[in-house]
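K.L.:
What follows is model-v2.cif, mmCIF, C-alpha atoms.
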data_model
#
loop_
_atom_site.label_atom_id
_atom_site.label_comp_id
_atom_site.auth_asym_id
_atom_site.auth_seq_id
_atom_site.Cartn_x
_atom_site.Cartn_y
_atom_site.Cartn_z
CA MET E 244 -178.80 96.61 -169.93
CA LEU E 245 -176.83 97.47 -173.01
CA LEU E 246 -177.14 95.18 -176.00
CA TRP E 247 -173.54 93.99 -175.82
CA ASN E 248 -174.04 93.15 -172.12
CA ILE E 249 -177.14 91.13 -172.97
CA LYS E 250 -175.19 89.25 -175.64
CA TYR E 251 -172.29 88.65 -173.25
CA TYR E 252 -174.67 87.45 -170.53
CA SER E 253 -176.39 85.15 -173.02
CA ASP E 254 -173.04 83.72 -174.13
CA LEU E 255 -172.06 83.09 -170.51
CA ARG E 256 -175.36 81.38 -169.81
CA TYR E 257 -174.84 79.17 -172.84
CA GLN E 258 -171.46 78.12 -171.39
CA GLY E 259 -173.15 76.63 -168.35
CA ASP E 260 -172.97 76.70 -164.58
CA ASP E 261 -169.27 77.50 -164.47
CA THR E 262 -170.13 81.10 -165.41
CA MET E 263 -172.81 81.63 -162.75
CA ALA E 264 -170.61 83.91 -160.60
CA GLU E 265 -169.76 86.10 -163.59
CA ARG E 266 -173.41 86.29 -164.63
CA MET E 267 -174.39 87.23 -161.11
CA GLU E 268 -171.77 90.00 -161.15
CA LEU E 269 -173.20 91.36 -164.40
CA LEU E 270 -176.69 91.34 -162.91
CA MET E 271 -175.48 93.09 -159.75
CA GLN E 272 -173.80 95.79 -161.84
CA TYR E 273 -176.95 96.23 -163.88
CA ARG E 274 -178.97 96.46 -160.68
CA GLU E 275 -176.78 99.34 -159.50
CA SER E 276 -177.28 101.21 -162.76
CA VAL E 277 -181.05 100.68 -162.50
CA LEU E 278 -181.01 102.05 -158.95
CA GLU E 279 -179.06 105.10 -160.12
CA GLU E 280 -181.61 105.71 -162.89
CA GLN E 281 -184.39 105.31 -160.34
CA ARG E 282 -182.79 107.98 -158.13
CA LYS E 283 -182.58 110.33 -161.11
CA TRP E 284 -186.24 109.76 -162.03
CA GLU E 285 -187.30 110.29 -158.42
CA GLU E 286 -185.47 113.63 -158.45
CA TYR E 287 -187.12 114.58 -161.75
CA LEU E 288 -190.49 113.67 -160.26
CA ARG E 289 -189.85 115.81 -157.16
CA ASN E 290 -188.90 118.76 -159.38
CA LEU E 291 -192.07 118.32 -161.44
CA ASP E 292 -194.19 118.13 -158.30
CA GLU E 293 -192.63 121.35 -157.01
CA LYS E 294 -193.32 123.16 -160.29
CA ILE E 295 -196.89 121.87 -160.40
CA SER E 296 -197.40 123.06 -156.84
CA ILE E 297 -196.12 126.54 -157.74
CA TYR E 298 -198.46 126.76 -160.73
CA ARG E 299 -201.39 125.49 -158.65
CA GLU E 300 -200.76 128.15 -155.99
CA ARG E 301 -200.44 130.91 -158.58
CA ILE E 302 -203.58 129.84 -160.43
CA ILE E 303 -205.57 129.78 -157.19
CA CYS E 304 -204.21 133.20 -156.27
CA VAL E 305 -205.07 134.69 -159.67
CA SER E 306 -208.53 133.08 -159.64
CA THR E 307 -209.23 134.40 -156.15
CA PHE E 308 -208.03 137.87 -157.13
CA SER E 309 -210.20 137.83 -160.27
CA GLU E 310 -213.27 136.73 -158.31
CA ASN E 311 -212.67 139.47 -155.75
CA MET E 312 -212.34 142.07 -158.50
CA VAL E 313 -215.62 140.96 -160.10
CA GLN E 314 -217.40 141.16 -156.75
CA GLU E 315 -215.88 144.58 -156.05
CA PHE E 316 -216.95 145.86 -159.46
CA ALA E 317 -220.46 144.48 -158.96
CA SER E 318 -220.64 146.13 -155.57
CA LEU E 319 -219.51 149.48 -157.00
CA SER E 320 -222.04 149.20 -159.82
CA ASN E 321 -224.86 148.52 -157.36
CA THR E 322 -223.76 151.46 -155.20
CA LYS E 323 -223.82 153.77 -158.23
CA LYS E 324 -227.30 152.59 -159.23
CA ILE E 325 -228.57 153.17 -155.71
CA ALA E 326 -227.07 156.68 -155.68
CA GLU E 327 -228.84 157.49 -158.96
CA LEU E 328 -232.21 156.64 -157.42
#
Could you rewrite the structure in this file as structure tokens?

P.N.:
Amino acid sequence: MLLWNIKYYSDLRYQGDDTMAERMELLMQYRESVLEEQRKWEEYLRNLDEKISIYRERIICVSTFSENMVQEFASLSNTKKIAEL
């Protein structure tokens, strides 16, 4: 809630029960803005999760490729040593 809204709400509260409906309206408006912010943050979180997933998949792919290359190189080295015998 913006500072001026907090001040206005506080002033209304100080005026007593006659301002309850107006205070409730302010709170309902603030609730809507909080829900909108929540929707935005949920979308940001989904986007982050998608990016993390992409990186995770790529890292696994690169790691698997690297491991396969090391094994292939080791296999070729062993084959060459055997041929030299």

K.L.:
Check the smallest atom-to-atom distance from each of E:Ile302, E:Leu288, E:Ala317, E:Met244 to Leu269 in chain E using only C-alpha atoms, then report the winner.

P.N.:
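So, comparing all the options, the nearest one is E:Met244.
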
K.L.:
What does the structure give for the distance between CA of Asn248 in chain E and CA of Arg266 in chain E, in Å to one decimal?

P.N.:
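Computing the Euclidean distance for CA of Asn248 in chain E and CA of Arg266 in chain E yields 10.2 Å.
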
K.L.:
Between CA of Lys294 in chain E and CA of Val277 in chain E, what is the distance in Å, rounded to a tenth?

P.N.:
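So the two atoms, CA of Lys294 in chain E and CA of Val277 in chain E, lie 25.7 Å apart.
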
K.L.:
Padding of 3 Å on every side, edges along x, y and z, all listed atoms of range 286-291 of chain E included: what centre and edge lengths in Å, to one decimal, does that box have, as JSON?

P.N.:
{"center_x": -188.8, "center_y": 116.2, "center_z": -159.5, "size_x": 12.6, "size_y": 11.1, "size_z": 10.6}

K.L.:
Given the choices E:Tyr273, E:Trp284, E:Tyr298, E:Phe316, which gets closest to Tyr252 in chain E if the distance is worked out from all atoms listed in the file?

P.N.:
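Using all atoms listed in the file, Tyr252 in chain E sits closest to E:Tyr273.
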